[in-house]
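Visitor: Have a peek at input_21.cif (mmCIF, C-alpha atoms and all ligand atoms).
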```
data_start
#
loop_
_atom_site.group_PDB
_atom_site.id
_atom_site.type_symbol
_atom_site.label_atom_id
_atom_site.label_comp_id
_atom_site.auth_asym_id
_atom_site.auth_seq_id
_atom_site.Cartn_x
_atom_site.Cartn_y
_atom_site.Cartn_z
ATOM 1 C CA LEU M 622 -16.877 -21.967 7.900
ATOM 2 C CA GLN M 623 -19.720 -19.466 7.582
ATOM 3 C CA LEU M 624 -17.504 -16.399 7.215
ATOM 4 C CA ALA M 625 -15.562 -17.988 4.351
ATOM 5 C CA ALA M 626 -18.826 -18.749 2.556
ATOM 6 C CA ASP M 627 -19.910 -15.155 3.171
ATOM 7 C CA LEU M 628 -16.649 -13.845 1.719
ATOM 8 C CA ARG M 629 -17.054 -16.019 -1.364
ATOM 9 C CA ARG M 630 -20.532 -14.580 -1.825
ATOM 10 C CA ALA M 631 -19.335 -11.016 -1.153
ATOM 11 C CA LEU M 632 -16.887 -11.374 -4.029
ATOM 12 C CA GLU M 633 -19.824 -12.019 -6.348
ATOM 13 C CA THR M 634 -21.952 -9.193 -4.947
ATOM 14 C CA THR M 635 -21.460 -5.540 -5.724
ATOM 15 C CA GLY M 636 -21.058 -3.141 -2.844
ATOM 16 C CA GLU M 637 -20.090 -5.421 0.043
ATOM 17 C CA LEU M 638 -16.394 -5.119 -0.625
ATOM 18 C CA VAL M 639 -15.313 -1.536 -1.113
ATOM 19 C CA LEU M 640 -12.024 0.297 -1.287
ATOM 20 C CA HIS M 641 -11.122 3.255 0.850
ATOM 21 C CA TYR M 642 -8.295 5.510 -0.202
ATOM 22 C CA GLN M 643 -5.715 7.242 1.977
ATOM 23 C CA PRO M 644 -3.868 10.101 0.264
ATOM 24 C CA THR M 645 -0.081 10.140 0.114
ATOM 25 C CA ILE M 646 1.482 13.578 0.461
ATOM 26 C CA GLU M 647 4.784 14.860 -0.910
ATOM 27 C CA LEU M 648 6.281 16.290 2.277
ATOM 28 C CA ARG M 649 8.309 19.001 0.549
ATOM 29 C CA SER M 650 5.360 20.545 -1.308
ATOM 30 C CA GLY M 651 2.311 19.286 0.573
ATOM 31 C CA THR M 652 0.699 18.050 -2.635
ATOM 32 C CA VAL M 653 -1.184 14.779 -3.021
ATOM 33 C CA THR M 654 0.908 12.280 -4.989
ATOM 34 C CA GLY M 655 -1.719 9.545 -4.974
ATOM 35 C CA PHE M 656 -3.444 7.076 -2.667
ATOM 36 C CA GLU M 657 -3.125 3.759 -0.894
ATOM 37 C CA ALA M 658 -6.129 1.518 -1.494
ATOM 38 C CA LEU M 659 -7.420 -0.256 1.628
ATOM 39 C CA VAL M 660 -10.166 -2.840 1.321
ATOM 40 C CA ARG M 661 -13.270 -2.814 3.562
ATOM 41 C CA TRP M 662 -15.961 -5.439 3.963
ATOM 42 C CA ARG M 663 -19.447 -4.270 4.804
ATOM 43 C CA HIS M 664 -20.925 -7.524 6.001
ATOM 44 C CA PRO M 665 -24.736 -7.532 5.716
ATOM 45 C CA THR M 666 -25.298 -8.666 9.327
ATOM 46 C CA ARG M 667 -21.949 -8.303 11.125
ATOM 47 C CA GLY M 668 -21.270 -4.757 9.962
ATOM 48 C CA GLU M 669 -17.851 -3.616 8.854
ATOM 49 C CA ILE M 670 -15.137 -6.257 9.155
ATOM 50 C CA SER M 671 -11.508 -5.107 9.189
ATOM 51 C CA PRO M 672 -9.112 -6.446 6.560
ATOM 52 C CA ALA M 673 -6.868 -7.399 9.474
ATOM 53 C CA ASP M 674 -9.554 -10.018 10.215
ATOM 54 C CA PHE M 675 -10.676 -11.166 6.771
ATOM 55 C CA ILE M 676 -7.396 -11.036 4.781
ATOM 56 C CA PRO M 677 -6.005 -13.981 6.814
ATOM 57 C CA LEU M 678 -9.254 -15.856 6.088
ATOM 58 C CA ALA M 679 -8.946 -15.012 2.404
ATOM 59 C CA GLU M 680 -5.372 -16.304 2.466
ATOM 60 C CA SER M 681 -6.197 -19.593 4.149
ATOM 61 C CA THR M 682 -9.138 -20.292 1.829
ATOM 62 C CA GLY M 683 -7.464 -19.237 -1.419
ATOM 63 C CA LEU M 684 -10.016 -16.445 -1.838
ATOM 64 C CA ILE M 685 -7.127 -13.972 -1.712
ATOM 65 C CA ARG M 686 -6.647 -14.708 -5.383
ATOM 66 C CA PRO M 687 -9.979 -13.336 -6.681
ATOM 67 C CA LEU M 688 -10.046 -10.745 -3.893
ATOM 68 C CA GLY M 689 -6.555 -9.493 -4.731
ATOM 69 C CA GLN M 690 -7.389 -9.350 -8.406
ATOM 70 C CA TRP M 691 -10.545 -7.352 -7.698
ATOM 71 C CA VAL M 692 -8.607 -4.879 -5.503
ATOM 72 C CA LEU M 693 -5.954 -4.401 -8.194
ATOM 73 C CA ALA M 694 -8.545 -3.839 -10.905
ATOM 74 C CA GLU M 695 -10.776 -1.499 -8.909
ATOM 75 C CA ALA M 696 -7.883 0.602 -7.540
ATOM 76 C CA SER M 697 -6.348 0.892 -11.016
ATOM 77 C CA ARG M 698 -9.654 1.863 -12.581
ATOM 78 C CA GLN M 699 -10.160 4.502 -9.906
ATOM 79 C CA CYS M 700 -6.673 5.911 -10.430
ATOM 80 C CA VAL M 701 -7.329 6.317 -14.151
ATOM 81 C CA GLU M 702 -10.665 8.023 -13.431
ATOM 82 C CA TRP M 703 -9.086 10.481 -10.996
ATOM 83 C CA SER M 704 -6.188 11.191 -13.338
ATOM 84 C CA ARG M 705 -8.368 12.115 -16.302
ATOM 85 C CA PRO M 706 -9.055 15.770 -15.379
ATOM 86 C CA ALA M 707 -5.363 16.512 -14.688
ATOM 87 C CA PRO M 708 -3.191 14.403 -16.985
ATOM 88 C CA ASP M 709 -0.209 16.654 -16.248
ATOM 89 C CA ARG M 710 -0.281 15.643 -12.578
ATOM 90 C CA PRO M 711 0.191 11.878 -12.474
ATOM 91 C CA LEU M 712 -1.288 10.094 -9.462
ATOM 92 C CA THR M 713 0.085 6.840 -8.132
ATOM 93 C CA MET M 714 -2.014 4.073 -6.608
ATOM 94 C CA ALA M 715 -0.517 1.811 -3.952
ATOM 95 C CA VAL M 716 -2.091 -1.610 -3.450
ATOM 96 C CA ASN M 717 -1.321 -4.079 -0.654
ATOM 97 C CA VAL M 718 -0.414 -7.484 -2.015
ATOM 98 C CA SER M 719 -0.273 -10.398 0.387
ATOM 99 C CA GLY M 720 2.518 -12.942 0.451
ATOM 100 C CA ARG M 721 0.172 -15.600 -0.836
ATOM 101 C CA GLN M 722 -0.401 -13.574 -4.005
ATOM 102 C CA PHE M 723 3.337 -13.456 -4.686
ATOM 103 C CA ASP M 724 3.304 -17.266 -4.510
ATOM 104 C CA GLN M 725 1.175 -17.251 -7.659
ATOM 105 C CA THR M 726 3.503 -17.495 -10.615
ATOM 106 C CA ASP M 727 0.831 -15.839 -12.758
ATOM 107 C CA LEU M 728 0.724 -12.658 -10.636
ATOM 108 C CA PRO M 729 2.695 -10.720 -13.310
ATOM 109 C CA ALA M 730 0.190 -11.828 -15.968
ATOM 110 C CA ILE M 731 -2.711 -10.742 -13.736
ATOM 111 C CA VAL M 732 -1.108 -7.340 -13.138
ATOM 112 C CA ALA M 733 -0.344 -6.892 -16.843
ATOM 113 C CA GLY M 734 -3.970 -7.773 -17.636
ATOM 114 C CA VAL M 735 -5.294 -5.203 -15.166
ATOM 115 C CA LEU M 736 -3.033 -2.503 -16.633
ATOM 116 C CA ALA M 737 -4.156 -3.361 -20.159
ATOM 117 C CA ASP M 738 -7.847 -3.395 -19.186
ATOM 118 C CA THR M 739 -7.767 -0.129 -17.259
ATOM 119 C CA GLY M 740 -5.151 1.790 -19.255
ATOM 120 C CA LEU M 741 -3.200 2.675 -16.111
ATOM 121 C CA PRO M 742 0.482 3.265 -16.971
ATOM 122 C CA ALA M 743 2.546 0.625 -15.169
ATOM 123 C CA GLU M 744 4.761 3.098 -13.295
ATOM 124 C CA ARG M 745 1.702 4.578 -11.589
ATOM 125 C CA LEU M 746 0.850 1.325 -9.814
ATOM 126 C CA CYS M 747 2.821 0.499 -6.681
ATOM 127 C CA LEU M 748 2.591 -2.968 -5.150
ATOM 128 C CA GLU M 749 3.212 -3.035 -1.393
ATOM 129 C CA MET M 750 4.634 -6.194 0.124
ATOM 130 C CA THR M 751 5.905 -7.045 3.563
ATOM 131 C CA GLU M 752 9.495 -8.030 4.252
ATOM 132 C CA SER M 753 8.358 -11.636 4.643
ATOM 133 C CA VAL M 754 7.796 -11.776 0.873
ATOM 134 C CA LEU M 755 11.448 -10.905 0.299
ATOM 135 C CA MET M 756 12.610 -13.406 2.913
ATOM 136 C CA ASN M 757 10.946 -16.091 0.807
ATOM 137 C CA ASP M 758 14.162 -16.255 -1.144
ATOM 138 C CA THR M 759 13.238 -18.776 -3.831
ATOM 139 C CA GLU M 760 13.837 -18.778 -7.567
ATOM 140 C CA GLU M 761 10.088 -18.631 -8.232
ATOM 141 C CA ASN M 762 9.646 -15.657 -5.956
ATOM 142 C CA LEU M 763 12.584 -13.784 -7.493
ATOM 143 C CA ALA M 764 11.246 -14.525 -10.980
ATOM 144 C CA VAL M 765 7.821 -13.089 -10.073
ATOM 145 C CA LEU M 766 9.368 -9.883 -8.689
ATOM 146 C CA LEU M 767 11.656 -9.479 -11.707
ATOM 147 C CA SER M 768 8.713 -9.961 -14.089
ATOM 148 C CA LEU M 769 6.747 -7.322 -12.212
ATOM 149 C CA LYS M 770 9.703 -4.942 -12.516
ATOM 150 C CA GLN M 771 9.901 -5.733 -16.211
ATOM 151 C CA ILE M 772 6.250 -4.768 -16.598
ATOM 152 C CA GLY M 773 7.238 -1.467 -14.992
ATOM 153 C CA VAL M 774 5.187 -1.370 -11.795
ATOM 154 C CA LYS M 775 6.769 0.007 -8.619
ATOM 155 C CA LEU M 776 7.506 -2.257 -5.675
ATOM 156 C CA ALA M 777 7.393 -1.039 -2.078
ATOM 157 C CA ILE M 778 8.280 -2.706 1.198
ATOM 158 C CA ASP M 779 5.466 -2.071 3.675
ATOM 159 C CA ASP M 780 6.029 -1.778 7.442
ATOM 160 C CA PHE M 781 9.747 -1.484 6.744
ATOM 161 C CA GLY M 782 11.965 -2.064 9.746
ATOM 162 C CA THR M 783 9.663 -4.411 11.622
ATOM 163 C CA GLY M 784 10.373 -7.655 9.789
ATOM 164 C CA TYR M 785 12.692 -10.234 11.245
ATOM 165 C CA SER M 786 15.213 -10.119 8.453
ATOM 166 C CA SER M 787 18.597 -8.961 7.292
ATOM 167 C CA LEU M 788 19.022 -6.134 4.806
ATOM 168 C CA ALA M 789 20.737 -8.416 2.314
ATOM 169 C CA TYR M 790 17.530 -8.863 0.348
ATOM 170 C CA LEU M 791 17.652 -5.204 -0.700
ATOM 171 C CA ARG M 792 20.599 -6.192 -2.861
ATOM 172 C CA ARG M 793 18.757 -9.041 -4.562
ATOM 173 C CA PHE M 794 15.336 -7.584 -5.133
ATOM 174 C CA PRO M 795 14.341 -4.631 -7.293
ATOM 175 C CA VAL M 796 12.646 -2.473 -4.660
ATOM 176 C CA ASP M 797 11.652 1.144 -5.420
ATOM 177 C CA THR M 798 10.187 2.383 -2.139
ATOM 178 C CA LEU M 799 10.614 1.852 1.604
ATOM 179 C CA LYS M 800 7.549 2.533 3.729
ATOM 180 C CA ILE M 801 8.745 3.414 7.224
ATOM 181 C CA ASP M 802 6.578 1.566 9.717
ATOM 182 C CA ARG M 803 4.351 3.777 11.800
ATOM 183 C CA SER M 804 5.817 2.473 15.060
ATOM 184 C CA PHE M 805 8.958 4.554 14.321
ATOM 185 C CA VAL M 806 6.888 7.609 13.434
ATOM 186 C CA GLU M 807 4.775 7.343 16.573
ATOM 187 C CA ARG M 808 7.621 8.070 18.985
ATOM 188 C CA ILE M 809 9.710 10.239 16.704
ATOM 189 C CA GLY M 810 9.705 13.180 19.126
ATOM 190 C CA GLY M 811 10.350 11.196 22.288
ATOM 191 C CA ALA M 812 13.483 10.165 24.149
ATOM 192 C CA THR M 813 13.686 6.863 22.259
ATOM 193 C CA PRO M 814 15.873 5.621 19.399
ATOM 194 C CA ASP M 815 12.927 5.883 17.008
ATOM 195 C CA ALA M 816 13.933 9.221 15.459
ATOM 196 C CA ALA M 817 17.420 7.878 14.791
ATOM 197 C CA LEU M 818 15.928 4.743 13.239
ATOM 198 C CA ALA M 819 13.570 6.751 11.018
ATOM 199 C CA ARG M 820 16.470 8.981 9.906
ATOM 200 C CA THR M 821 18.586 5.916 9.183
ATOM 201 C CA ILE M 822 15.846 4.398 6.994
ATOM 202 C CA VAL M 823 15.522 7.671 5.054
ATOM 203 C CA GLN M 824 19.299 7.733 4.517
ATOM 204 C CA LEU M 825 19.302 4.072 3.538
ATOM 205 C CA GLY M 826 16.654 4.846 0.927
ATOM 206 C CA GLN M 827 18.649 7.812 -0.332
ATOM 207 C CA SER M 828 21.868 5.807 -0.639
ATOM 208 C CA LEU M 829 20.131 2.996 -2.485
ATOM 209 C CA GLY M 830 18.089 5.279 -4.751
ATOM 210 C CA MET M 831 14.795 4.278 -3.163
ATOM 211 C CA ALA M 832 11.961 6.614 -2.260
ATOM 212 C CA THR M 833 10.866 6.747 1.381
ATOM 213 C CA VAL M 834 7.279 7.000 2.593
ATOM 214 C CA ALA M 835 6.441 7.551 6.270
ATOM 215 C CA GLU M 836 3.251 5.894 7.523
ATOM 216 C CA GLY M 837 1.068 6.854 10.441
ATOM 217 C CA ILE M 838 1.843 10.582 10.613
ATOM 218 C CA GLU M 839 -0.691 11.881 13.124
ATOM 219 C CA GLN M 840 0.894 15.113 14.323
ATOM 220 C CA TYR M 841 2.343 18.252 12.815
ATOM 221 C CA ALA M 842 5.612 17.713 14.719
ATOM 222 C CA GLN M 843 6.013 14.268 13.150
ATOM 223 C CA PHE M 844 5.395 15.720 9.684
ATOM 224 C CA LEU M 845 8.027 18.436 10.297
ATOM 225 C CA ALA M 846 10.599 16.006 11.677
ATOM 226 C CA LEU M 847 10.214 13.650 8.722
ATOM 227 C CA ARG M 848 10.334 16.455 6.176
ATOM 228 C CA ARG M 849 13.527 17.725 7.810
ATOM 229 C CA MET M 850 15.030 14.243 7.544
ATOM 230 C CA GLY M 851 14.382 14.321 3.799
ATOM 231 C CA CYS M 852 11.623 11.729 3.772
ATOM 232 C CA ASP M 853 9.865 12.049 0.408
ATOM 233 C CA VAL M 854 6.236 11.180 1.079
ATOM 234 C CA GLY M 855 3.953 10.758 4.087
ATOM 235 C CA GLN M 856 0.547 9.452 4.949
ATOM 236 C CA GLY M 857 -1.474 9.338 8.126
ATOM 237 C CA TYR M 858 -4.380 10.789 10.033
ATOM 238 C CA TYR M 859 -2.636 14.193 10.230
ATOM 239 C CA PHE M 860 -3.333 14.543 6.492
ATOM 240 C CA SER M 861 -6.358 12.294 6.139
ATOM 241 C CA ARG M 862 -7.884 9.012 7.215
ATOM 242 C CA PRO M 863 -8.592 6.465 4.511
ATOM 243 C CA LEU M 864 -11.688 7.828 2.734
ATOM 244 C CA PRO M 865 -14.523 6.386 0.659
ATOM 245 C CA ALA M 866 -13.917 6.970 -3.049
ATOM 246 C CA ARG M 867 -16.334 9.880 -3.296
ATOM 247 C CA GLU M 868 -14.635 11.807 -0.482
ATOM 248 C CA ALA M 869 -11.147 10.999 -1.722
ATOM 249 C CA GLY M 870 -12.107 12.307 -5.155
ATOM 250 C CA ALA M 871 -13.470 15.495 -3.595
ATOM 251 C CA LEU M 872 -10.251 16.018 -1.643
ATOM 252 C CA LEU M 873 -8.356 15.757 -4.904
ATOM 253 C CA ARG M 874 -10.463 18.394 -6.643
ATOM 254 C CA ASP M 875 -10.564 20.629 -3.617
ATOM 255 C CA PRO M 876 -7.545 20.196 -1.319
ATOM 256 C CA ALA M 877 -8.096 21.577 2.183
HETATM 257 O O1 LIG M 901 -6.881 -0.278 6.605
HETATM 258 P P1 LIG M 901 -6.510 -1.051 7.843
HETATM 259 O O2 LIG M 901 -5.671 -0.446 8.865
HETATM 260 O O3 LIG M 901 -7.697 -1.566 8.534
HETATM 261 O O4 LIG M 901 -5.725 -2.341 7.277
HETATM 262 C C1 LIG M 901 -5.379 -3.391 8.112
HETATM 263 C C2 LIG M 901 -4.414 -4.302 7.403
HETATM 264 O O5 LIG M 901 -5.023 -4.854 6.227
HETATM 265 C C3 LIG M 901 -3.139 -3.609 6.942
HETATM 266 O O6 LIG M 901 -2.040 -4.456 7.231
HETATM 267 C C4 LIG M 901 -3.300 -3.489 5.462
HETATM 268 O O7 LIG M 901 -2.075 -3.552 4.780
HETATM 269 C C5 LIG M 901 -4.151 -4.707 5.139
HETATM 270 N N1 LIG M 901 -4.906 -4.495 3.899
HETATM 271 C C6 LIG M 901 -5.781 -3.507 3.617
HETATM 272 N N2 LIG M 901 -6.263 -3.625 2.369
HETATM 273 C C7 LIG M 901 -5.667 -4.726 1.828
HETATM 274 C C8 LIG M 901 -5.744 -5.376 0.555
HETATM 275 O O8 LIG M 901 -6.431 -4.947 -0.377
HETATM 276 N N3 LIG M 901 -4.983 -6.503 0.389
HETATM 277 C C9 LIG M 901 -4.176 -6.993 1.370
HETATM 278 N N4 LIG M 901 -3.473 -8.099 1.102
HETATM 279 N N5 LIG M 901 -4.068 -6.402 2.569
HETATM 280 C C10 LIG M 901 -4.814 -5.286 2.803
HETATM 281 O O1 LIG M 902 -0.017 -2.538 6.881
HETATM 282 P P1 LIG M 902 -0.399 -1.252 6.249
HETATM 283 O O2 LIG M 902 0.668 -0.216 6.353
HETATM 284 O O3 LIG M 902 -0.896 -1.379 4.836
HETATM 285 O O4 LIG M 902 -1.612 -0.720 7.116
HETATM 286 C C1 LIG M 902 -2.287 0.438 6.813
HETATM 287 C C2 LIG M 902 -3.229 0.681 7.986
HETATM 288 O O5 LIG M 902 -2.804 1.808 8.753
HETATM 289 C C3 LIG M 902 -4.617 0.976 7.497
HETATM 290 O O6 LIG M 902 -5.492 0.134 8.145
HETATM 291 C C4 LIG M 902 -4.889 2.390 7.956
HETATM 292 O O7 LIG M 902 -6.234 2.537 8.392
HETATM 293 C C5 LIG M 902 -3.923 2.579 9.108
HETATM 294 N N1 LIG M 902 -3.488 3.958 9.264
HETATM 295 C C6 LIG M 902 -3.340 4.890 8.306
HETATM 296 N N2 LIG M 902 -2.918 6.069 8.817
HETATM 297 C C7 LIG M 902 -2.805 5.886 10.144
HETATM 298 C C8 LIG M 902 -2.410 6.742 11.228
HETATM 299 O O8 LIG M 902 -2.070 7.917 11.071
HETATM 300 N N3 LIG M 902 -2.404 6.184 12.464
HETATM 301 C C9 LIG M 902 -2.770 4.892 12.686
HETATM 302 N N4 LIG M 902 -2.750 4.462 13.943
HETATM 303 N N5 LIG M 902 -3.142 4.065 11.692
HETATM 304 C C10 LIG M 902 -3.158 4.549 10.434
HETATM 305 MN MN MN M 903 0.213 -0.720 3.226
HETATM 306 NA NA NA M 904 2.366 -0.450 6.717
#
```
Show the structure stored in the file as C-alpha cells.

Guide:
Amino acid sequence: LQLAADLRRALETTGELVLHYQPTIELRSGTVTGFEALVRWRHPTRGEISPADFIPLAESTGLIRPLGQWVLAEASRQCVEWSRPAPDRPLTMAVNVSGRQFDQTDLPAIVAGVLADTGLPAERLCLEMTESVLMNDTEENLAVLLSLKQIGVKLAIDDFGTGYSSLAYLRRFPVDTLKIDRSFVERIGGATPDAALARTIVQLGQSLGMATVAEGIEQYAQFLALRRMGCDVGQGYYFSRPLPAREAGALLRDPA
C-alpha cells in the first residue's frame, strides 16, 4: 500500500507530521489550562491528510507504535517549553492514545521514558482513550492502566457518552477525567435531551471525583450553559481551533 509506505517514510522525515494544539479553558475563570495535541500529516503530494484517515492506517500497519511514541514525546517536549516562562501556572497536555497502543504492555515504560527524557511532571500529561479501551476488560489491559496511574499520568475518557458500554467500567478503572462528547454540546440549547445528558455527565463526574471537560463548544450560549452546570473545562472553536505550535504559543503569551 503506497500510503502506508509514505507514512513509514514520514515518520523518518522532519516536518511532514506536525502537531496542532487546541487550548483547554477553565470555564469558571476563562484561563488556559493547557492543550490537546492533534496530529496532522502534510503529505508532499496529497496535501494535508486528516488523522481520521491515517490513524486507522497506522493502527492496521503497526505504525501507530512509533507514531504514538513520537506524538507523546513531541507534545510533552512542547508542554515543558511553554511552561518554562510561567512555572507557577502549570499547563497540562492531553494526548490521544489509540486502543492499539493500550494493547502494548510496554506502553507504561514508553510513557515513563518520555517523561524522563522531557522532564514533564507526570500529572501534567493526560492520556485520552475511548470507551472501547475500557470495554477491553482483560487483565493485561487493567495492568497497563494501573501502571500508568502508578506513574502518575492522568487518564481521560474521550467522546464520553457515545460508546456502546455500561458504566460499570468506571468502578474498575482509575479514570480522572470525562470528556463530554461534542454531540451533546452541539444541541445543548435545543428542545432535545442533550442538555439533560450533559448535566448528568457533569454530575456523574462530580460524584465520582472526576473532572469534566466539554468538547466542541462553538457558541457563547453553550459555554454559559456548561459553566452553569459546573463543567470544569471546555474546548472548541468558540475559544480556538487547533493551532500550529507557533500560534498556540503566542496565544499563551498574549491571551485574546
Ligand atoms: O483533529 P481532528 O478532528 O482532525 O482529529 C480527528 C480524529 O483523530 C479525532 O478522533 C482525534 O482524537 C484523532 N487524533 C488526532 N490526533 C491523534 C493522535 O495523535 N493519536 C491518535 N491516536 N488519534 C489522534
Ligand atoms: O476524538 P477527539 O475528541 O480527540 O477529536 C477532536 C477533534 O475535534 C479534532 O479533530 C478537532 O479538530 C475537532 N474539534 C475541536 N473543536 C471543535 C469544535 O468546536 N467543533 C467541531 N465540530 N470540531 C471540533
Ligand atoms: Mn481527544
Ligand atoms: Na472527543

Visitor: Could you list, as number ranges by chain, every residue within 12 Å of Gly655 in chain M, counting all atoms listed in the file and ignoring same-chain residues fewer than 6 positions away?

Guide: M: 642-647, 696-697, 699-701, 703-704, 710-716, 745-747, 854-856, 869-870, 872-873

Visitor: Within 7 Å of ligand LIG 902 (chain M) (counting all atoms listed in the file), which residues show up? I'd like them as a ChimeraX atom specification.

Guide: /M:659,717,779-780,836-839,856-859,862-863

Visitor: If I put a ball of radius 12 Å at (12.2, -3.2, 12.6) in the file's coordinates, which residues poke into it when counting all atoms listed in the file, written as JSON, numbers by chain?

Guide: {"M": [751, 752, 779, 780, 781, 782, 783, 784, 785, 786, 787, 788, 800, 801, 802, 803, 804, 805, 814, 815, 818, 819, 821, 822]}

Visitor: Pull C-alpha atoms from the residues just selected and write them as a JSON list (two decimals), in the coordinates of the input.

Guide:
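part-v2.json written:
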```json
[["chain", "number", "residue", "atom", "x", "y", "z"],
["M", 751, "THR", "CA", 5.90, -7.04, 3.56],
["M", 752, "GLU", "CA", 9.49, -8.03, 4.25],
["M", 779, "ASP", "CA", 5.47, -2.07, 3.68],
["M", 780, "ASP", "CA", 6.03, -1.78, 7.44],
["M", 781, "PHE", "CA", 9.75, -1.48, 6.74],
["M", 782, "GLY", "CA", 11.96, -2.06, 9.75],
["M", 783, "THR", "CA", 9.66, -4.41, 11.62],
["M", 784, "GLY", "CA", 10.37, -7.66, 9.79],
["M", 785, "TYR", "CA", 12.69, -10.23, 11.24],
["M", 786, "SER", "CA", 15.21, -10.12, 8.45],
["M", 787, "SER", "CA", 18.60, -8.96, 7.29],
["M", 788, "LEU", "CA", 19.02, -6.13, 4.81],
["M", 800, "LYS", "CA", 7.55, 2.53, 3.73],
["M", 801, "ILE", "CA", 8.74, 3.41, 7.22],
["M", 802, "ASP", "CA", 6.58, 1.57, 9.72],
["M", 803, "ARG", "CA", 4.35, 3.78, 11.80],
["M", 804, "SER", "CA", 5.82, 2.47, 15.06],
["M", 805, "PHE", "CA", 8.96, 4.55, 14.32],
["M", 814, "PRO", "CA", 15.87, 5.62, 19.40],
["M", 815, "ASP", "CA", 12.93, 5.88, 17.01],
["M", 818, "LEU", "CA", 15.93, 4.74, 13.24],
["M", 819, "ALA", "CA", 13.57, 6.75, 11.02],
["M", 821, "THR", "CA", 18.59, 5.92, 9.18],
["M", 822, "ILE", "CA", 15.85, 4.40, 6.99]]
```

Visitor: What are the nearest atom pairs, with distances in Å to one decimal, for all residues of chain M that come at most 7 Å from ligand LIG 901 (chain M), using all atoms listed in the file, set out by chain and rising residue number as a Markdown table?

Guide:
```
| residue | atom | partner | partner_atom | distance |
| --- | --- | --- | --- | --- |
| M:Ala658 | CA | M:LIG901 | N2 | 6.4 |
| M:Leu659 | CA | M:LIG901 | N2 | 3.6 |
| M:Val660 | CA | M:LIG901 | N2 | 4.1 |
| M:Ser671 | CA | M:LIG901 | O3 | 5.2 |
| M:Pro672 | CA | M:LIG901 | O5 | 4.4 |
| M:Ala673 | CA | M:LIG901 | C2 | 4.5 |
| M:Ile676 | CA | M:LIG901 | N5 | 6.1 |
| M:Gly689 | CA | M:LIG901 | N3 | 6.1 |
| M:Val692 | CA | M:LIG901 | O8 | 5.6 |
| M:Val716 | CA | M:LIG901 | O8 | 6.3 |
| M:Asn717 | CA | M:LIG901 | N3 | 4.5 |
| M:Val718 | CA | M:LIG901 | N4 | 4.4 |
| M:Ser719 | CA | M:LIG901 | N4 | 4.0 |
```

Visitor: Rounded to one decimal, what separation in Å do you get between CA of Pro795 in chain M and CA of Glu749 in chain M?

Guide: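 Separation of CA of Pro795 in chain M and CA of Glu749 in chain M: 12.7 Å.
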
Visitor: Near Ala846 in chain M, counting only C-alpha atoms, which residues have an atom at most 10 Å away, once you skip same-chain residues fewer than 2 positions from it, shown as a tab-separated table (two decimals) with C-alpha atoms, in the frame of the given file?

Guide:
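Below is the file part_36.tsv, written as the result:
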```
chain	number	residue	atom	x	y	z
M	806	VAL	CA	6.89	7.61	13.43
M	809	ILE	CA	9.71	10.24	16.70
M	810	GLY	CA	9.70	13.18	19.13
M	816	ALA	CA	13.93	9.22	15.46
M	819	ALA	CA	13.57	6.75	11.02
M	820	ARG	CA	16.47	8.98	9.91
M	841	TYR	CA	2.34	18.25	12.82
M	842	ALA	CA	5.61	17.71	14.72
M	843	GLN	CA	6.01	14.27	13.15
M	844	PHE	CA	5.40	15.72	9.68
M	848	ARG	CA	10.33	16.45	6.18
M	849	ARG	CA	13.53	17.73	7.81
M	850	MET	CA	15.03	14.24	7.54
M	851	GLY	CA	14.38	14.32	3.80
M	852	CYS	CA	11.62	11.73	3.77
```

Visitor: Could you tell me which of M:Leu763, M:Leu829, M:Leu769, M:Ala812 comes closest to Phe794 in chain M if we count all atoms listed in the file?

Guide: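 Counting all atoms listed in the file, the residue closest to Phe794 in chain M is M:Leu763.
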
Visitor: Box time for range 767-786 of chain M: axis-aligned, enclosing all its listed atoms, 4 Å extra on each side; report centre and edge lengths in Å to one decimal, as AutoDock Vina command-line options.

Guide:
```
--center_x 10.2 --center_y -5.1 --center_z -2.5 --size_x 18.0 --size_y 18.2 --size_z 36.2
```

Visitor: Could you please give me, as a list in words, the residues of protein, DNA or RNA lying at most 10 Å from (9.1, -20.1, -9.4) in the coordinate frame of the file, considering all atoms listed in the file?

Guide: Phe723, Asp724, Gln725, Thr726, Asp727, Thr759, Glu760, Glu761, Asn762, Leu763, Ala764 and Val765 of chain M

Visitor: Using CA of Arg629 in chain M and CA of His664 in chain M as the two end points, give the distance in Å to one decimal.

Guide: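 Separation between CA of Arg629 in chain M and CA of His664 in chain M: 11.9 Å.
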
Visitor: Can you turn the PyMOL selection byres (((chain M and resi 675) around 12) and not hetatm) into a concrete residue list for this file, as a PyMOL selection string?

Guide: chain M and resi 624-629+631+638+660-664+669-674+676-685+688
